[in-house]
file coords_18.txt (compact mmCIF, N, CA and C atoms)
# COMPACT_ATOMS: atom_id res chain seq x y z
N MET R 1 76.60 133.03 -111.22
CA MET R 1 75.89 132.48 -110.07
C MET R 1 75.25 131.16 -110.49
N LYS R 2 75.28 130.23 -109.58
CA LYS R 2 74.69 128.91 -109.82
C LYS R 2 73.35 128.76 -109.12
N ILE R 3 72.48 128.03 -109.77
CA ILE R 3 71.19 127.66 -109.21
C ILE R 3 71.26 126.17 -108.86
N TYR R 4 70.78 125.84 -107.65
CA TYR R 4 70.80 124.45 -107.20
C TYR R 4 69.39 124.00 -106.85
N ILE R 5 69.24 122.72 -106.66
CA ILE R 5 67.93 122.15 -106.35
C ILE R 5 67.34 122.79 -105.09
N ARG R 6 68.16 123.23 -104.17
CA ARG R 6 67.63 123.86 -102.95
C ARG R 6 66.85 125.12 -103.28
N HIS R 7 67.27 125.84 -104.31
CA HIS R 7 66.56 127.05 -104.71
C HIS R 7 65.19 126.70 -105.30
N ILE R 8 65.14 125.64 -106.04
CA ILE R 8 63.87 125.19 -106.63
C ILE R 8 62.93 124.71 -105.53
N ARG R 9 63.48 124.01 -104.58
CA ARG R 9 62.66 123.55 -103.45
C ARG R 9 62.12 124.72 -102.65
N GLU R 10 62.97 125.72 -102.44
CA GLU R 10 62.53 126.89 -101.68
C GLU R 10 61.40 127.62 -102.40
N ALA R 11 61.41 127.59 -103.71
CA ALA R 11 60.34 128.21 -104.49
C ALA R 11 59.05 127.41 -104.42
N GLY R 12 59.14 126.15 -103.96
CA GLY R 12 57.97 125.31 -103.81
C GLY R 12 57.53 124.61 -105.08
N TYR R 13 58.45 124.49 -106.04
CA TYR R 13 58.09 123.88 -107.32
C TYR R 13 58.19 122.36 -107.27
N CYS R 14 57.33 121.73 -108.02
CA CYS R 14 57.27 120.27 -108.10
C CYS R 14 58.25 119.76 -109.15
N ARG R 15 59.09 118.84 -108.75
CA ARG R 15 60.07 118.27 -109.68
C ARG R 15 59.39 117.48 -110.79
N LYS R 16 58.52 116.57 -110.41
CA LYS R 16 57.94 115.63 -111.37
C LYS R 16 57.05 116.30 -112.41
N GLU R 17 56.23 117.23 -111.98
CA GLU R 17 55.25 117.81 -112.89
C GLU R 17 55.66 119.16 -113.45
N GLY R 18 56.71 119.74 -112.91
CA GLY R 18 57.07 121.08 -113.36
C GLY R 18 58.51 121.24 -113.80
N VAL R 19 59.43 121.05 -112.87
CA VAL R 19 60.83 121.39 -113.13
C VAL R 19 61.49 120.40 -114.08
N LYS R 20 61.32 119.13 -113.86
CA LYS R 20 61.96 118.13 -114.73
C LYS R 20 61.46 118.28 -116.17
N PRO R 21 60.16 118.39 -116.42
CA PRO R 21 59.70 118.62 -117.79
C PRO R 21 60.23 119.94 -118.38
N PHE R 22 60.38 120.97 -117.55
CA PHE R 22 60.96 122.24 -117.99
C PHE R 22 62.38 122.02 -118.50
N PHE R 23 63.17 121.26 -117.76
CA PHE R 23 64.54 120.95 -118.17
C PHE R 23 64.52 120.09 -119.44
N ASP R 24 63.69 119.06 -119.45
CA ASP R 24 63.64 118.16 -120.61
C ASP R 24 63.28 118.91 -121.89
N ALA R 25 62.34 119.84 -121.80
CA ALA R 25 61.90 120.59 -122.98
C ALA R 25 63.03 121.42 -123.58
N ARG R 26 64.01 121.75 -122.77
CA ARG R 26 65.13 122.57 -123.23
C ARG R 26 66.39 121.74 -123.49
N GLY R 27 66.29 120.44 -123.29
CA GLY R 27 67.44 119.57 -123.52
C GLY R 27 68.53 119.70 -122.47
N TRP R 28 68.15 120.19 -121.28
CA TRP R 28 69.12 120.35 -120.20
C TRP R 28 69.23 119.04 -119.42
N ASP R 29 70.43 118.73 -119.00
CA ASP R 29 70.73 117.47 -118.31
C ASP R 29 70.33 117.58 -116.83
N TRP R 30 69.28 116.86 -116.47
CA TRP R 30 68.76 116.89 -115.10
C TRP R 30 69.77 116.34 -114.11
N SER R 31 70.41 115.23 -114.44
CA SER R 31 71.39 114.62 -113.53
C SER R 31 72.57 115.55 -113.28
N ASP R 32 73.03 116.21 -114.33
CA ASP R 32 74.13 117.16 -114.17
C ASP R 32 73.69 118.32 -113.29
N PHE R 33 72.47 118.80 -113.49
CA PHE R 33 71.96 119.87 -112.64
C PHE R 33 71.95 119.46 -111.18
N LEU R 34 71.46 118.26 -110.89
CA LEU R 34 71.40 117.81 -109.50
C LEU R 34 72.79 117.74 -108.88
N ALA R 35 73.77 117.35 -109.66
CA ALA R 35 75.13 117.21 -109.16
C ALA R 35 75.89 118.53 -109.10
N ASN R 36 75.63 119.42 -110.06
CA ASN R 36 76.49 120.60 -110.22
C ASN R 36 75.77 121.94 -110.27
N GLY R 37 74.46 121.93 -110.29
CA GLY R 37 73.73 123.18 -110.44
C GLY R 37 73.70 123.61 -111.90
N ILE R 38 73.12 124.78 -112.14
CA ILE R 38 73.03 125.32 -113.50
C ILE R 38 73.29 126.82 -113.42
N ASP R 39 73.90 127.37 -114.43
CA ASP R 39 74.16 128.81 -114.45
C ASP R 39 72.84 129.56 -114.46
N ALA R 40 72.74 130.54 -113.61
CA ALA R 40 71.52 131.34 -113.50
C ALA R 40 71.14 131.97 -114.84
N GLN R 41 72.13 132.32 -115.63
CA GLN R 41 71.85 132.99 -116.91
C GLN R 41 71.00 132.12 -117.83
N LYS R 42 71.17 130.81 -117.75
CA LYS R 42 70.33 129.92 -118.57
C LYS R 42 68.86 130.08 -118.20
N LEU R 43 68.59 130.18 -116.91
CA LEU R 43 67.20 130.38 -116.48
C LEU R 43 66.71 131.77 -116.85
N ILE R 44 67.56 132.76 -116.69
CA ILE R 44 67.19 134.13 -117.05
C ILE R 44 66.84 134.21 -118.53
N ASN R 45 67.62 133.54 -119.35
CA ASN R 45 67.41 133.59 -120.80
C ASN R 45 66.07 133.01 -121.23
N THR R 46 65.46 132.18 -120.40
CA THR R 46 64.15 131.61 -120.76
C THR R 46 63.05 132.66 -120.63
N ASN R 47 63.29 133.69 -119.83
CA ASN R 47 62.30 134.73 -119.54
C ASN R 47 61.01 134.14 -118.97
N ASP R 48 61.12 132.98 -118.33
CA ASP R 48 59.99 132.30 -117.71
C ASP R 48 59.82 132.83 -116.28
N ALA R 49 58.62 133.24 -115.93
CA ALA R 49 58.38 133.85 -114.62
C ALA R 49 58.78 132.92 -113.47
N MET R 50 58.50 131.65 -113.60
CA MET R 50 58.84 130.70 -112.53
C MET R 50 60.36 130.53 -112.42
N ALA R 51 61.04 130.49 -113.55
CA ALA R 51 62.50 130.38 -113.54
C ALA R 51 63.12 131.63 -112.93
N LEU R 52 62.56 132.78 -113.25
CA LEU R 52 63.08 134.03 -112.71
C LEU R 52 62.89 134.11 -111.19
N LYS R 53 61.82 133.51 -110.70
CA LYS R 53 61.61 133.46 -109.25
C LYS R 53 62.72 132.68 -108.57
N VAL R 54 63.12 131.58 -109.18
CA VAL R 54 64.21 130.76 -108.62
C VAL R 54 65.51 131.57 -108.61
N VAL R 55 65.76 132.31 -109.66
CA VAL R 55 66.96 133.15 -109.72
C VAL R 55 66.92 134.20 -108.60
N GLU R 56 65.77 134.80 -108.38
CA GLU R 56 65.63 135.77 -107.30
C GLU R 56 65.94 135.16 -105.94
N ILE R 57 65.50 133.94 -105.72
CA ILE R 57 65.78 133.24 -104.47
C ILE R 57 67.28 133.04 -104.30
N ALA R 58 67.96 132.62 -105.37
CA ALA R 58 69.40 132.41 -105.30
C ALA R 58 70.13 133.73 -105.07
N GLU R 59 69.67 134.81 -105.72
CA GLU R 59 70.30 136.12 -105.52
C GLU R 59 70.15 136.57 -104.08
N ARG R 60 68.96 136.37 -103.54
CA ARG R 60 68.72 136.75 -102.13
C ARG R 60 69.64 135.98 -101.21
N GLU R 61 69.79 134.68 -101.46
CA GLU R 61 70.68 133.84 -100.65
C GLU R 61 72.11 134.34 -100.74
N GLN R 62 72.53 134.69 -101.93
CA GLN R 62 73.91 135.14 -102.15
C GLN R 62 74.18 136.44 -101.41
N ASN R 63 73.17 137.28 -101.29
CA ASN R 63 73.34 138.58 -100.67
C ASN R 63 73.18 138.57 -99.15
N GLU R 64 72.87 137.44 -98.58
CA GLU R 64 72.71 137.34 -97.11
C GLU R 64 74.06 137.30 -96.41

call {"tool": "encode", "arguments": {"input": "coords_18.txt", "output": "structure tokens"}}
result
Amino acid sequence: MKIYIRHIREAGYCRKEGVKPFFDARGWDWSDFLANGIDAQKLINTNDAMALKVVEIAEREQNE
């Protein structure tokens, strides 16, 4: 399953102060994410509560 910027927006997270630094700290390519999304498993592997919330949003969307 892929996570896209729409899932992050739905979670209400701030790109500048939260999500972009989160990606940068892990060496993840922000531009590639914006263009192609990111595998949900990468977010799950962080075990970060905010990242897991985004995964839950994507799962809910997928199951609709």

call {"tool": "select_by_dssp", "arguments": {"input": "coords_18.txt", "residues": "chain R", "states": "strand (DSSP E or B)", "output": "MDAnalysis selection string"}}
result
chainID R and resid 2:3 38:39

call {"tool": "residues_near_point", "arguments": {"input": "coords_18.txt", "point": "(56.6, 129.8, -113.5)", "cutoff": "8 Å", "atoms": "only N, CA and C atoms", "output": "PyMOL selection string"}}
result
chain R and resi 48-53

call {"tool": "residues_around", "arguments": {"input": "coords_18.txt", "residues": "R:Ile3", "least_positions_apart": "5", "cutoff": "6.5 Å", "atoms": "only N, CA and C atoms", "output": "PyMOL selection string"}}
result
chain R and resi 36-40+58

call {"tool": "select_by_dssp", "arguments": {"input": "coords_18.txt", "residues": "chain R", "states": "helix (DSSP H, G or I)", "output": "NGL selection string"}}
result
:R and (5-11 or 15-26 or 30-36 or 40-46 or 49-62)

call {"tool": "atom_distance", "arguments": {"input": "coords_18.txt", "atom1": "atom CA of R:Leu43", "atom2": "atom C of R:Glu56"}}
result
11.6 Å

call {"tool": "residues_around", "arguments": {"input": "coords_18.txt", "residues": "R:Ile8", "least_positions_apart": "6", "cutoff": "8 Å", "atoms": "all atoms listed in the file", "output": "ChimeraX atom specification"}}
result
/R:14-15,53-55,57-58

call {"tool": "write_last_selection", "arguments": {"input": "coords_18.txt", "atoms": "N, CA and C atoms", "output": "PDB file, in the frame of the given file"}}
result
ATOM      1  N   CYS R  14      57.330 121.730-108.020  1.00  0.00           N
ATOM      2  CA  CYS R  14      57.270 120.270-108.100  1.00  0.00           C
ATOM      3  C   CYS R  14      58.250 119.760-109.150  1.00  0.00           C
ATOM      4  N   ARG R  15      59.090 118.840-108.750  1.00  0.00           N
ATOM      5  CA  ARG R  15      60.070 118.270-109.680  1.00  0.00           C
ATOM      6  C   ARG R  15      59.390 117.480-110.790  1.00  0.00           C
ATOM      7  N   LYS R  53      61.820 133.510-110.700  1.00  0.00           N
ATOM      8  CA  LYS R  53      61.610 133.460-109.250  1.00  0.00           C
ATOM      9  C   LYS R  53      62.720 132.680-108.570  1.00  0.00           C
ATOM     10  N   VAL R  54      63.120 131.580-109.180  1.00  0.00           N
ATOM     11  CA  VAL R  54      64.210 130.760-108.620  1.00  0.00           C
ATOM     12  C   VAL R  54      65.510 131.570-108.610  1.00  0.00           C
ATOM     13  N   VAL R  55      65.760 132.310-109.660  1.00  0.00           N
ATOM     14  CA  VAL R  55      66.960 133.150-109.720  1.00  0.00           C
ATOM     15  C   VAL R  55      66.920 134.200-108.600  1.00  0.00           C
ATOM     16  N   ILE R  57      65.500 133.940-105.720  1.00  0.00           N
ATOM     17  CA  ILE R  57      65.780 133.240-104.470  1.00  0.00           C
ATOM     18  C   ILE R  57      67.280 133.040-104.300  1.00  0.00           C
ATOM     19  N   ALA R  58      67.960 132.620-105.370  1.00  0.00           N
ATOM     20  CA  ALA R  58      69.400 132.410-105.300  1.00  0.00           C
ATOM     21  C   ALA R  58      70.130 133.730-105.070  1.00  0.00           C
TER      22      ALA R  58
END

call {"tool": "decode", "arguments": {"input": "coords_18.txt", "residues": "chain R", "atoms": "C-alpha atoms", "output": "compact mmCIF listing (two decimals), in the first residue's frame"}}
result
# COMPACT_ATOMS: atom_id res chain seq x y z
CA MET R 1 0.00 0.00 0.00
CA LYS R 2 1.20 3.49 -0.82
CA ILE R 3 0.96 6.60 1.30
CA TYR R 4 0.47 9.91 -0.51
CA ILE R 5 0.50 13.54 0.50
CA ARG R 6 -3.32 13.49 0.64
CA HIS R 7 -3.12 11.08 3.57
CA ILE R 8 -0.76 13.40 5.43
CA ARG R 9 -3.02 16.35 4.74
CA GLU R 10 -6.04 14.42 5.98
CA ALA R 11 -4.17 13.73 9.22
CA GLY R 12 -3.71 17.51 9.58
CA TYR R 13 0.08 17.41 9.76
CA CYS R 14 2.25 20.39 8.90
CA ARG R 15 4.69 19.85 6.04
CA LYS R 16 7.20 22.52 6.98
CA GLU R 17 7.51 21.87 10.70
CA GLY R 18 6.67 18.20 10.91
CA VAL R 19 6.54 15.94 7.90
CA LYS R 20 9.43 17.29 5.82
CA PRO R 21 11.86 17.20 8.78
CA PHE R 22 10.60 13.67 9.56
CA PHE R 23 11.51 12.60 6.01
CA ASP R 24 14.84 14.46 6.08
CA ALA R 25 15.87 12.82 9.36
CA ARG R 26 15.45 9.42 7.72
CA GLY R 27 17.11 10.33 4.43
CA TRP R 28 13.86 9.85 2.50
CA ASP R 29 13.45 11.75 -0.76
CA TRP R 30 10.68 14.32 -0.31
CA SER R 31 10.35 15.09 -4.03
CA ASP R 32 10.03 11.41 -4.88
CA PHE R 33 7.39 11.04 -2.18
CA LEU R 34 5.37 13.93 -3.60
CA ALA R 35 5.53 12.41 -7.09
CA ASN R 36 5.15 8.72 -6.26
CA GLY R 37 4.11 8.21 -2.65
CA ILE R 38 5.94 5.99 -0.17
CA ASP R 39 5.40 2.39 0.86
CA ALA R 40 3.33 2.22 4.02
CA GLN R 41 5.75 -0.30 5.49
CA LYS R 42 8.45 2.36 5.72
CA LEU R 43 6.18 4.42 7.95
CA ILE R 44 5.13 1.38 9.94
CA ASN R 45 8.76 0.48 10.54
CA THR R 46 9.37 3.82 12.26
CA ASN R 47 6.85 2.86 14.97
CA ASP R 48 6.08 6.60 15.20
CA ALA R 49 2.53 7.30 16.42
CA MET R 50 1.98 10.11 13.92
CA ALA R 51 3.25 7.99 11.02
CA LEU R 52 1.00 5.14 12.09
CA LYS R 53 -1.98 7.49 12.07
CA VAL R 54 -1.27 8.31 8.42
CA VAL R 55 -1.12 4.59 7.61
CA GLU R 56 -4.49 4.09 9.32
CA ILE R 57 -5.98 6.85 7.17
CA ALA R 58 -4.67 5.20 4.01
CA GLU R 59 -5.97 1.79 5.13
CA ARG R 60 -9.40 3.26 5.81
CA GLU R 61 -9.41 4.87 2.35
CA GLN R 62 -8.41 1.60 0.73
CA ASN R 63 -11.23 -0.25 2.47
CA GLU R 64 -13.96 2.18 1.39
